[in-house]
$ cat final12.csv   # CSV, C-alpha atoms
chain,number,residue,atom,x,y,z
A,1,MET,CA,99.2,13.5,-67.8
A,2,PRO,CA,100.9,11.3,-65.1
A,3,GLN,CA,100.9,12.8,-61.6
A,4,PRO,CA,103.9,11.8,-59.4
A,5,ILE,CA,103.3,10.9,-55.8
A,6,VAL,CA,105.8,12.9,-53.8
A,7,VAL,CA,106.8,12.7,-50.1
A,8,PRO,CA,105.3,16.0,-48.7
A,9,ASP,CA,106.9,18.5,-46.4
A,10,LEU,CA,107.1,16.8,-43.0
A,11,GLY,CA,107.5,19.9,-40.9
A,12,GLU,CA,110.1,21.4,-38.6
A,13,SER,CA,113.6,19.9,-39.3
A,14,ILE,CA,112.2,16.5,-40.5
A,15,THR,CA,113.7,15.4,-43.8
A,16,GLU,CA,113.0,11.6,-43.8
A,17,ALA,CA,110.1,9.2,-43.1
A,18,THR,CA,109.4,5.5,-43.3
A,19,ILE,CA,106.5,4.0,-45.4
A,20,ILE,CA,104.3,2.1,-42.9
A,21,ARG,CA,101.9,0.8,-45.5
A,22,TRP,CA,100.2,1.4,-48.9
A,23,LEU,CA,96.4,1.6,-48.6
A,24,LYS,CA,95.9,1.2,-52.3
A,25,ASN,CA,97.3,-1.5,-54.7
A,26,GLN,CA,99.1,-0.9,-58.0
A,27,GLY,CA,96.5,-0.8,-60.8
A,28,GLU,CA,93.7,0.3,-58.5
A,29,ARG,CA,91.7,3.4,-59.2
A,30,VAL,CA,91.9,6.3,-56.8
A,31,GLN,CA,90.0,9.5,-56.2
A,32,ALA,CA,91.4,12.9,-55.6
A,33,GLY,CA,92.0,13.4,-51.9
A,34,GLU,CA,91.8,9.7,-51.2
A,35,VAL,CA,94.5,8.4,-48.8
A,36,LEU,CA,97.2,6.4,-50.6
A,37,LEU,CA,99.7,5.5,-47.9
A,38,GLU,CA,100.8,6.2,-44.4
A,39,LEU,CA,104.2,7.6,-43.4
A,40,GLU,CA,106.0,7.4,-40.0
A,41,THR,CA,108.2,10.3,-39.0
A,42,GLU,CA,110.2,10.8,-35.9
A,43,LYS,CA,107.3,12.7,-34.3
A,44,VAL,CA,103.9,11.7,-35.9
A,45,ASN,CA,102.3,9.5,-38.6
A,46,LEU,CA,101.1,11.2,-41.7
A,47,GLU,CA,98.7,10.2,-44.4
A,48,VAL,CA,99.5,11.0,-48.0
A,49,GLY,CA,96.5,11.6,-50.3
A,50,ALA,CA,96.1,11.6,-54.1
A,51,ASP,CA,96.3,15.0,-55.8
A,52,LYS,CA,94.0,13.9,-58.6
A,53,SER,CA,91.8,11.0,-59.7
A,54,GLY,CA,93.2,8.2,-61.8
A,55,VAL,CA,94.9,4.9,-61.6
A,56,LEU,CA,97.8,4.1,-59.2
A,57,ALA,CA,100.0,3.0,-62.1
A,58,ARG,CA,103.3,2.6,-60.2
A,59,ILE,CA,104.5,2.0,-56.7
A,60,ASP,CA,108.3,2.8,-56.5
A,61,ARG,CA,109.0,2.4,-52.8
A,62,ALA,CA,107.5,-0.4,-50.6
A,63,ALA,CA,106.4,-0.5,-47.0
A,64,GLY,CA,109.3,-0.5,-44.6
A,65,GLN,CA,111.5,1.6,-46.8
A,66,ASP,CA,112.9,5.0,-45.8
A,67,VAL,CA,112.1,8.0,-48.1
A,68,LYS,CA,113.1,11.6,-48.2
A,69,VAL,CA,111.0,14.8,-48.5
A,70,GLY,CA,110.4,15.6,-52.2
A,71,GLU,CA,111.2,12.0,-53.4
A,72,THR,CA,108.8,10.4,-56.0
A,73,ILE,CA,107.5,7.2,-54.5
A,74,GLY,CA,104.8,6.3,-57.1
A,75,MET,CA,102.7,7.6,-60.1
A,76,ILE,CA,99.1,8.2,-60.8
A,77,GLU,CA,97.9,8.2,-64.4
A,78,GLU,CA,94.7,9.5,-65.8
A,79,SER,CA,92.3,7.0,-67.2
A,80,GLU,CA,89.6,7.9,-69.7
A,81,ALA,CA,88.0,4.5,-69.5
A,82,LYS,CA,84.8,4.0,-67.6
A,83,PRO,CA,85.1,2.3,-64.2
A,84,ALA,CA,83.6,-1.0,-65.6
A,85,GLU,CA,86.3,-1.1,-68.3
A,86,GLU,CA,89.2,-0.3,-66.1
A,87,ALA,CA,90.0,-3.9,-65.3
A,88,LYS,CA,91.1,-4.5,-68.9
A,89,PRO,CA,94.6,-2.9,-68.5
A,90,GLU,CA,95.6,-5.8,-66.2
A,91,ALA,CA,94.5,-8.4,-68.8
A,92,PRO,CA,97.4,-7.8,-71.3
A,93,LYS,CA,99.9,-8.6,-68.5
A,94,GLU,CA,98.4,-12.1,-68.1
A,95,GLU,CA,97.9,-12.6,-71.9
A,96,ALA,CA,101.6,-11.8,-72.4
A,97,LYS,CA,102.2,-15.3,-71.2
A,98,PRO,CA,100.3,-17.3,-73.9
A,99,GLU,CA,101.2,-20.8,-72.8
A,100,PRO,CA,100.0,-20.7,-69.1
A,101,LYS,CA,96.6,-19.2,-70.0
A,102,PRO,CA,94.5,-22.3,-70.9
A,103,GLU,CA,94.1,-23.5,-67.3
A,104,PRO,CA,90.3,-24.1,-67.3
A,105,LYS,CA,90.9,-27.4,-69.2
A,106,PRO,CA,92.1,-29.4,-66.3
A,107,GLU,CA,88.7,-28.7,-64.6
A,108,ALA,CA,87.0,-30.2,-67.7
A,109,LYS,CA,89.2,-33.3,-67.6
A,110,GLU,CA,88.4,-33.9,-63.9
A,111,GLU,CA,84.8,-34.6,-65.0
A,112,LYS,CA,86.0,-37.6,-67.0
A,113,PRO,CA,87.2,-40.7,-65.1
A,114,ALA,CA,90.7,-41.1,-66.6
A,115,PRO,CA,91.9,-39.6,-69.9
A,116,SER,CA,94.4,-41.6,-71.8
A,117,SER,CA,97.9,-40.3,-72.1
A,118,GLU,CA,97.8,-40.4,-75.9
A,119,GLN,CA,94.6,-38.2,-76.0
A,120,THR,CA,96.1,-35.8,-73.5
A,121,PHE,CA,99.4,-35.4,-75.3
A,122,LYS,CA,97.6,-34.6,-78.5
A,123,LYS,CA,95.5,-31.9,-76.9
A,124,GLU,CA,97.8,-30.1,-74.6
A,125,PRO,CA,101.3,-31.5,-74.1
A,126,ARG,CA,102.4,-28.8,-71.6
A,127,ASP,CA,99.2,-29.2,-69.5
A,128,THR,CA,99.9,-32.9,-69.5
A,129,ILE,CA,103.3,-32.2,-67.8
A,130,ARG,CA,101.5,-30.1,-65.2
A,131,GLU,CA,98.8,-32.6,-64.6
A,132,TYR,CA,101.1,-35.7,-64.2
A,133,VAL,CA,104.4,-34.4,-62.9
A,134,VAL,CA,103.2,-31.8,-60.4
A,135,PRO,CA,100.6,-34.1,-58.6
A,136,GLN,CA,103.3,-36.7,-58.2
A,137,ALA,CA,105.6,-34.1,-56.7
A,138,VAL,CA,103.1,-32.8,-54.2
A,139,PRO,CA,102.7,-35.8,-51.9
A,140,ALA,CA,106.4,-36.1,-51.3
A,141,PRO,CA,107.0,-32.6,-49.7
A,142,GLN,CA,103.7,-32.6,-47.8
A,143,PRO,CA,105.0,-34.4,-44.7
A,144,LYS,CA,107.9,-31.8,-44.4
A,145,PRO,CA,106.3,-28.3,-44.4
A,146,ALA,CA,107.1,-27.7,-40.8
A,147,GLU,CA,110.8,-28.5,-41.4
A,148,ALA,CA,111.0,-26.1,-44.3
A,149,GLN,CA,109.6,-23.2,-42.1
A,150,ARG,CA,111.7,-23.7,-39.1
A,151,PRO,CA,114.6,-21.4,-40.1
A,152,GLU,CA,112.1,-18.5,-40.6
A,153,THR,CA,110.7,-18.5,-37.1
A,154,PRO,CA,112.6,-17.9,-33.8
A,155,THR,CA,113.1,-21.3,-32.1
A,156,PRO,CA,114.6,-22.1,-28.7
A,157,SER,CA,117.9,-23.9,-28.5
A,158,ALA,CA,117.3,-27.5,-27.7
A,159,ALA,CA,120.1,-27.4,-25.1
A,160,GLU,CA,119.4,-24.0,-23.4
A,161,GLY,CA,115.7,-23.5,-24.1
A,162,ARG,CA,116.2,-19.8,-24.8
A,163,ARG,CA,114.2,-17.8,-27.3
A,164,GLU,CA,115.1,-14.5,-29.1
A,165,GLU,CA,113.2,-12.3,-31.5
A,166,ARG,CA,114.7,-9.6,-33.6
A,167,VAL,CA,112.3,-6.7,-34.5
A,168,ARG,CA,113.4,-3.6,-36.5
A,169,MET,CA,113.3,-0.5,-34.4
A,170,SER,CA,110.6,2.0,-35.5
A,171,ARG,CA,111.7,5.4,-36.7
A,172,ARG,CA,110.0,7.1,-33.8
A,173,ARG,CA,111.6,4.8,-31.2
A,174,LYS,CA,115.0,5.3,-32.8
A,175,THR,CA,114.6,9.1,-32.7
A,176,ILE,CA,113.6,9.0,-29.1
A,177,ALA,CA,116.6,6.9,-28.3
A,178,GLU,CA,119.0,9.3,-30.2
A,179,ARG,CA,117.5,12.4,-28.5
A,180,LEU,CA,117.7,11.0,-25.0
A,181,VAL,CA,121.4,10.2,-25.5
A,182,GLN,CA,121.9,13.6,-27.1
A,183,ALA,CA,120.4,15.3,-24.1
A,184,GLN,CA,122.7,13.4,-21.8
A,185,HIS,CA,125.8,14.4,-23.9
A,186,MET,CA,124.9,18.0,-24.7
A,187,ALA,CA,123.6,19.3,-21.4
A,188,ALA,CA,125.0,19.5,-17.9
A,189,MET,CA,121.9,17.9,-16.5
A,190,LEU,CA,121.1,18.0,-12.8
A,191,THR,CA,117.9,17.2,-10.9
A,192,THR,CA,116.5,18.7,-7.7
A,193,PHE,CA,113.6,17.2,-5.7
A,194,ASN,CA,110.9,18.3,-3.4
A,195,GLU,CA,107.5,17.0,-2.2
A,196,ILE,CA,104.1,18.6,-2.3
A,197,ASP,CA,101.1,18.2,0.0
A,198,MET,CA,98.2,17.5,-2.4
A,199,SER,CA,95.5,17.9,0.3
A,200,ALA,CA,94.3,21.4,-0.9
A,201,VAL,CA,94.1,20.2,-4.6
A,202,ALA,CA,92.2,17.1,-3.5
A,203,ARG,CA,89.7,19.1,-1.6
A,204,ILE,CA,89.1,21.5,-4.4
A,205,ARG,CA,88.7,18.7,-7.0
A,206,ALA,CA,86.2,16.8,-4.7
A,207,ARG,CA,84.2,20.0,-4.1
A,208,HIS,CA,84.0,21.2,-7.7
A,209,LYS,CA,84.5,18.2,-9.9
A,210,GLN,CA,80.8,17.6,-10.7
A,211,ALA,CA,79.9,21.3,-11.3
A,212,PHE,CA,83.1,21.8,-13.3
A,213,GLU,CA,82.4,18.8,-15.6
A,214,GLU,CA,78.7,19.9,-16.1
A,215,LYS,CA,79.7,23.4,-17.0
A,216,TYR,CA,82.7,22.8,-19.2
A,217,GLY,CA,82.2,19.2,-20.4
A,218,VAL,CA,85.7,18.0,-19.2
A,219,LYS,CA,87.0,16.7,-15.9
A,220,LEU,CA,89.0,18.8,-13.5
A,221,GLY,CA,92.3,16.9,-13.4
A,222,LEU,CA,95.8,17.5,-11.8
A,223,THR,CA,97.5,18.6,-15.0
A,224,SER,CA,95.8,22.0,-15.1
A,225,PHE,CA,97.0,22.9,-11.5
A,226,PHE,CA,100.6,22.1,-12.5
A,227,VAL,CA,100.4,23.9,-15.8
A,228,LYS,CA,99.1,27.0,-14.0
A,229,ALA,CA,101.7,26.8,-11.3
A,230,ALA,CA,104.5,26.3,-13.8
A,231,VAL,CA,103.5,29.3,-15.9
A,232,ALA,CA,103.4,31.5,-12.7
A,233,ALA,CA,106.8,30.2,-11.6
A,234,LEU,CA,108.2,30.7,-15.1
A,235,LEU,CA,107.1,34.4,-15.0
A,236,GLU,CA,109.2,34.8,-11.9
A,237,PHE,CA,112.2,32.8,-13.2
A,238,PRO,CA,112.6,33.6,-16.9
A,239,ALA,CA,115.9,31.6,-17.2
A,240,VAL,CA,113.9,28.4,-16.8
A,241,ASN,CA,111.8,29.3,-19.9
A,242,ALA,CA,114.9,30.1,-22.0
A,243,GLU,CA,117.2,28.1,-24.3
A,244,MET,CA,120.8,28.3,-25.4
A,245,ASP,CA,121.8,29.1,-29.0
A,246,ARG,CA,125.5,28.8,-29.2
A,247,ASP,CA,126.9,31.8,-27.2
A,248,ASP,CA,123.5,33.4,-26.8
A,249,ILE,CA,120.7,32.9,-24.3
A,250,VAL,CA,117.2,33.2,-25.8
A,251,TYR,CA,114.6,34.3,-23.3
A,252,LYS,CA,111.1,33.5,-24.3
A,253,TYR,CA,108.2,35.6,-23.0
A,254,TYR,CA,105.5,33.2,-24.2
A,255,TYR,CA,104.5,30.0,-22.5
A,256,ASP,CA,104.0,27.0,-24.6
A,257,ILE,CA,103.9,24.1,-22.2
A,258,GLY,CA,104.5,20.5,-23.4
A,259,VAL,CA,102.7,17.7,-21.7
A,260,ALA,CA,104.2,14.2,-22.2
A,261,VAL,CA,101.7,11.6,-23.5
A,262,ASP,CA,102.4,7.9,-23.8
A,263,THR,CA,101.7,6.1,-27.1
A,264,PRO,CA,102.5,2.6,-28.3
A,265,GLU,CA,105.6,4.0,-30.0
A,266,GLY,CA,106.8,5.8,-26.9
A,267,LEU,CA,106.4,9.3,-25.3
A,268,VAL,CA,105.4,12.3,-27.4
A,269,VAL,CA,105.1,15.8,-26.2
A,270,PRO,CA,102.2,17.8,-27.7
A,271,VAL,CA,102.2,21.5,-26.8
A,272,ILE,CA,99.6,23.6,-25.1
A,273,ARG,CA,100.0,27.0,-26.8
A,274,ASP,CA,99.8,30.2,-24.8
A,275,ALA,CA,99.1,28.4,-21.6
A,276,ASP,CA,99.3,31.7,-19.7
A,277,ARG,CA,96.2,32.9,-21.4
A,278,LYS,CA,94.1,29.8,-20.9
A,279,SER,CA,91.7,29.0,-18.1
A,280,PHE,CA,91.6,25.7,-16.2
A,281,ALA,CA,88.8,24.4,-18.4
A,282,GLU,CA,90.7,25.4,-21.6
A,283,ILE,CA,93.9,23.7,-20.4
A,284,GLU,CA,92.0,20.5,-19.4
A,285,LYS,CA,90.3,20.4,-22.8
A,286,ALA,CA,93.6,20.9,-24.6
A,287,VAL,CA,95.2,18.1,-22.6
A,288,ARG,CA,92.3,15.8,-23.3
A,289,ASP,CA,92.2,16.5,-27.0
A,290,LEU,CA,95.9,16.2,-27.5
A,291,ALA,CA,96.1,12.9,-25.6
A,292,GLU,CA,93.3,11.4,-27.7
A,293,LYS,CA,95.0,12.5,-30.9
A,294,ALA,CA,98.3,11.0,-29.7
A,295,ARG,CA,96.8,7.6,-28.9
A,296,MET,CA,95.0,7.5,-32.2
A,297,GLY,CA,98.1,8.5,-34.1
A,298,LYS,CA,96.4,11.7,-35.4
A,299,LEU,CA,98.8,14.3,-34.0
A,300,ALA,CA,99.9,16.9,-36.5
A,301,ILE,CA,103.4,18.4,-36.7
A,302,ASP,CA,102.1,21.7,-35.4
A,303,ASP,CA,100.8,19.9,-32.3
A,304,LEU,CA,104.4,19.0,-31.4
A,305,ARG,CA,106.3,22.1,-32.7
A,306,GLY,CA,108.2,24.2,-30.3
A,307,GLY,CA,107.4,24.2,-26.6
A,308,THR,CA,109.3,26.2,-23.9
A,309,PHE,CA,108.8,23.9,-20.9
A,310,THR,CA,107.7,20.3,-20.4
A,311,ILE,CA,105.7,18.5,-17.7
A,312,THR,CA,105.8,14.7,-17.5
A,313,ASN,CA,103.8,12.6,-15.1
A,314,GLY,CA,105.3,9.2,-14.3
A,315,GLY,CA,102.8,8.9,-11.5
A,316,VAL,CA,100.1,7.6,-13.8
A,317,TYR,CA,102.2,4.4,-14.2
A,318,GLY,CA,102.9,4.1,-10.4
A,319,SER,CA,106.4,5.8,-10.4
A,320,LEU,CA,107.2,7.2,-6.9
A,321,LEU,CA,110.4,9.0,-7.9
A,322,SER,CA,112.4,9.5,-11.1
A,323,THR,CA,114.8,11.9,-12.9
A,324,PRO,CA,113.2,13.1,-16.1
A,325,ILE,CA,115.5,13.8,-19.1
A,326,LEU,CA,115.5,17.2,-20.8
A,327,ASN,CA,113.4,17.8,-23.9
A,328,LEU,CA,116.1,19.7,-25.9
A,329,PRO,CA,116.4,22.6,-26.7
A,330,GLN,CA,114.4,23.3,-23.5
A,331,VAL,CA,116.5,23.8,-20.4
A,332,ALA,CA,114.2,22.3,-17.7
A,333,ILE,CA,111.5,19.7,-17.3
A,334,LEU,CA,109.1,19.0,-14.4
A,335,GLY,CA,108.5,15.4,-13.3
A,336,LEU,CA,105.3,14.5,-11.4
A,337,HIS,CA,104.9,11.2,-9.5
A,338,ARG,CA,102.4,9.0,-7.7
A,339,ILE,CA,100.4,10.6,-4.9
A,340,GLN,CA,100.9,8.5,-1.8
A,341,ASP,CA,99.5,8.8,1.8
A,342,ARG,CA,102.5,9.4,4.1
A,343,PRO,CA,103.0,10.6,7.7
A,344,VAL,CA,104.2,14.2,7.8
A,345,VAL,CA,104.7,16.6,10.7
A,346,ILE,CA,102.2,19.5,10.6
A,347,ASN,CA,102.3,22.0,13.6
A,348,ASN,CA,104.3,19.6,15.7
A,349,GLU,CA,101.8,16.8,15.0
A,350,ILE,CA,102.1,13.7,12.8
A,351,GLN,CA,99.4,13.6,10.2
A,352,ILE,CA,98.7,11.4,7.2
A,353,ARG,CA,98.7,13.5,4.0
A,354,PRO,CA,98.5,12.7,0.3
A,355,MET,CA,102.1,13.6,-0.8
A,356,MET,CA,103.7,13.7,-4.2
A,357,TYR,CA,107.4,13.8,-5.0
A,358,VAL,CA,108.3,16.3,-7.7
A,359,ALA,CA,111.6,16.5,-9.7
A,360,LEU,CA,113.0,19.3,-11.8
A,361,SER,CA,115.8,18.3,-14.2
A,362,TYR,CA,117.6,21.3,-15.6
A,363,ASP,CA,120.6,22.3,-17.7
A,364,HIS,CA,123.2,23.6,-15.2
A,365,ARG,CA,124.9,25.6,-17.9
A,366,MET,CA,121.9,27.9,-18.0
A,367,ILE,CA,120.3,27.5,-14.6
A,368,ASP,CA,122.1,27.8,-11.3
A,369,GLY,CA,121.3,25.4,-8.5
A,370,ARG,CA,119.7,28.1,-6.4
A,371,THR,CA,117.4,29.2,-9.2
A,372,ALA,CA,116.3,25.6,-9.8
A,373,VAL,CA,115.6,25.0,-6.1
A,374,GLN,CA,113.6,28.3,-5.8
A,375,PHE,CA,111.6,27.5,-8.9
A,376,LEU,CA,110.6,24.1,-7.6
A,377,ILE,CA,109.7,25.6,-4.2
A,378,ARG,CA,107.5,28.1,-6.0
A,379,ILE,CA,105.7,25.3,-7.7
A,380,LYS,CA,105.2,23.6,-4.3
A,381,GLU,CA,103.8,26.8,-2.7
A,382,LEU,CA,101.4,27.4,-5.6
A,383,VAL,CA,100.0,23.9,-5.6
A,384,GLU,CA,99.7,23.6,-1.9
A,385,THR,CA,97.8,26.9,-1.7
A,386,PRO,CA,96.0,27.0,-5.1
A,387,GLU,CA,93.5,29.8,-4.3
A,388,ARG,CA,95.3,32.3,-6.5
A,389,LEU,CA,95.5,29.8,-9.3
A,390,LEU,CA,91.7,29.4,-9.2
A,391,VAL,CA,90.7,33.0,-9.6
A,392,GLU,CA,89.8,32.4,-13.2
A,393,MET,CA,87.9,29.2,-12.6

$ encode --input "final12.csv" --output "structure tokens"
Amino acid sequence: MPQPIVVPDLGESITEATIIRWLKNQGERVQAGEVLLELETEKVNLEVGADKSGVLARIDRAAGQDVKVGETIGMIEESEAKPAEEAKPEAPKEEAKPEPKPEPKPEAKEEKPAPSSEQTFKKEPRDTIREYVVPQAVPAPQPKPAEAQRPETPTPSAAEGRREERVRMSRRRKTIAERLVQAQHMAAMLTTFNEIDMSAVARIRARHKQAFEEKYGVKLGLTSFFVKAAVAALLEFPAVNAEMDRDDIVYKYYYDIGVAVDTPEGLVVPVIRDADRKSFAEIEKAVRDLAEKARMGKLAIDDLRGGTFTITNGGVYGSLLSTPILNLPQVAILGLHRIQDRPVVINNEIQIRPMMYVALSYDHRMIDGRTAVQFLIRIKELVETPERLLVEM
């Protein structure tokens, strides 16, 4: 019996998706589990597979169209015919047009020098119209194909020399835009800044990077130091790990840290679950794996679900200072920036140190200014003296 192709459950609070492309054509045979199409949601791309083997008998919604969870977008029908015979169902569609079918005859006529019009009319009057009228029409339009295509392509104004291109916004980019505006409107957002001397972290990485990679199969990066420091600071300042739910404050005593990752469609924030229970190596492996999945478009909904606090690093793109925007419903986000050698005063002496500006954006409705400043100072202290963070290493 026919099997409908239905838009699957897309995960937490996601009700719509956009069809990116169909990987199978209508009339093509498919196997159970074979990927039929790809969907784009506001968070990830999803592949939809065939529930059973058969023929893709119908495609109801085309690429580029928006669809809803539970909507039927196509149909698979069982076929008892053997694979070699399955091309036959397409033949009746062509045979339903009896007149256009005999097209091989013009090829036979091309072998003769010049058939007379009388002979041709007697054999195939309609083919004669095709053979004599169409070839006469072809040479006339041929010099003008460029003119016919001009309106379809963006062209500069002859007077101003300006060029524009209109591209439909992807579902993910649209969602990112909506949520950033929502964060600005819904939260009383404020940002506090500080700077961190990265000398101690640089020394530890230089001393242990080779042994660390040989032992754990992953590089010792900066992210694990800040994840560890953030978890330790969140334990001391639970309001930074909370969220607002109408008139209630929900304090969370688990630590799922989101790490922003750039993709061609914009930033996504996969989550490191139970970061407080993970070692440096486990955090670095989780960051590496999630970043690879994000760049390949293979993140699952569960990789992005939840999160209690977010870290974003604009420094990898050269940013010296920025004000990160909250990742709602979280109430704080830590922004890292480029490490830059700067003169600083140490024990009344001017020294050159690798310094990083850090920023904490927070919801002032939930977090007082003093709490935010103290939280960021705690991050600074832990990263500048990371010995306690390294006990597990």

$ closest_residue --input "final12.csv" --among "A:Leu328, A:Val227, A:Leu304, A:Ala239" --to "Glu282 of chain A" --atoms "only C-alpha atoms"
A:Val227

$ residues_around --input "final12.csv" --residues "Asp262 of chain A" --least-positions-apart "3" --cutoff "9 Å" --atoms "all atoms listed in the file" --output "PyMOL selection string"
chain A and resi 265-269+291+294-295

$ closest_residue --input "final12.csv" --among "A:Leu234, A:Pro264, A:Asp341, A:Ala229" --to "Pro386 of chain A" --atoms "only C-alpha atoms"
A:Ala229

$ closest_residue --input "final12.csv" --among "A:Arg277, A:Lys52, A:Lys298, A:Arg61" --to "Ala17 of chain A" --atoms "all atoms listed in the file"
A:Arg61

$ atom_distance --input "final12.csv" --atom1 "atom CA of Arg273 of chain A" --atom2 "atom CA of Pro324 of chain A"
22.0 Å

$ atom_distance --input "final12.csv" --atom1 "atom CA of His364 of chain A" --atom2 "atom CA of Asn313 of chain A"
22.3 Å

$ residues_around --input "final12.csv" --residues "Glu78 of chain A" --least-positions-apart "2" --cutoff "7 Å" --atoms "all atoms listed in the file" --output "list in words"
Met1, Pro2, Ser53, Gly54, Val55, Ile76 and Glu80 of chain A

$ write_last_selection --input "final12.csv" --atoms "C-alpha atoms" --output "PDB file, keeping the file's coordinate frame"
ATOM      1  CA  MET A   1      99.200  13.500 -67.800  1.00  0.00           C
ATOM      2  CA  PRO A   2     100.900  11.300 -65.100  1.00  0.00           C
ATOM      3  CA  SER A  53      91.800  11.000 -59.700  1.00  0.00           C
ATOM      4  CA  GLY A  54      93.200   8.200 -61.800  1.00  0.00           C
ATOM      5  CA  VAL A  55      94.900   4.900 -61.600  1.00  0.00           C
ATOM      6  CA  ILE A  76      99.100   8.200 -60.800  1.00  0.00           C
ATOM      7  CA  GLU A  80      89.600   7.900 -69.700  1.00  0.00           C
TER       8      GLU A  80
END

$ closest_residue --input "final12.csv" --among "A:Val218, A:Lys285, A:Thr263, A:Arg58" --to "Gln26 of chain A" --atoms "only C-alpha atoms"
A:Arg58

$ atom_distance --input "final12.csv" --atom1 "atom CA of Ile346 of chain A" --atom2 "atom CA of Leu382 of chain A"
18.0 Å

$ closest_residue --input "final12.csv" --among "A:Gln182, A:Ser279, A:Gln3, A:Asn327" --to "Ala32 of chain A" --atoms "all atoms listed in the file"
A:Gln3

$ residues_around --input "final12.csv" --residues "Glu34 of chain A" --least-positions-apart "5" --cutoff "10 Å" --atoms "only C-alpha atoms" --output "list in words"
Leu23, Lys24, Glu47, Val48, Gly49, Ala50, Asp51, Lys52 and Ser53 of chain A
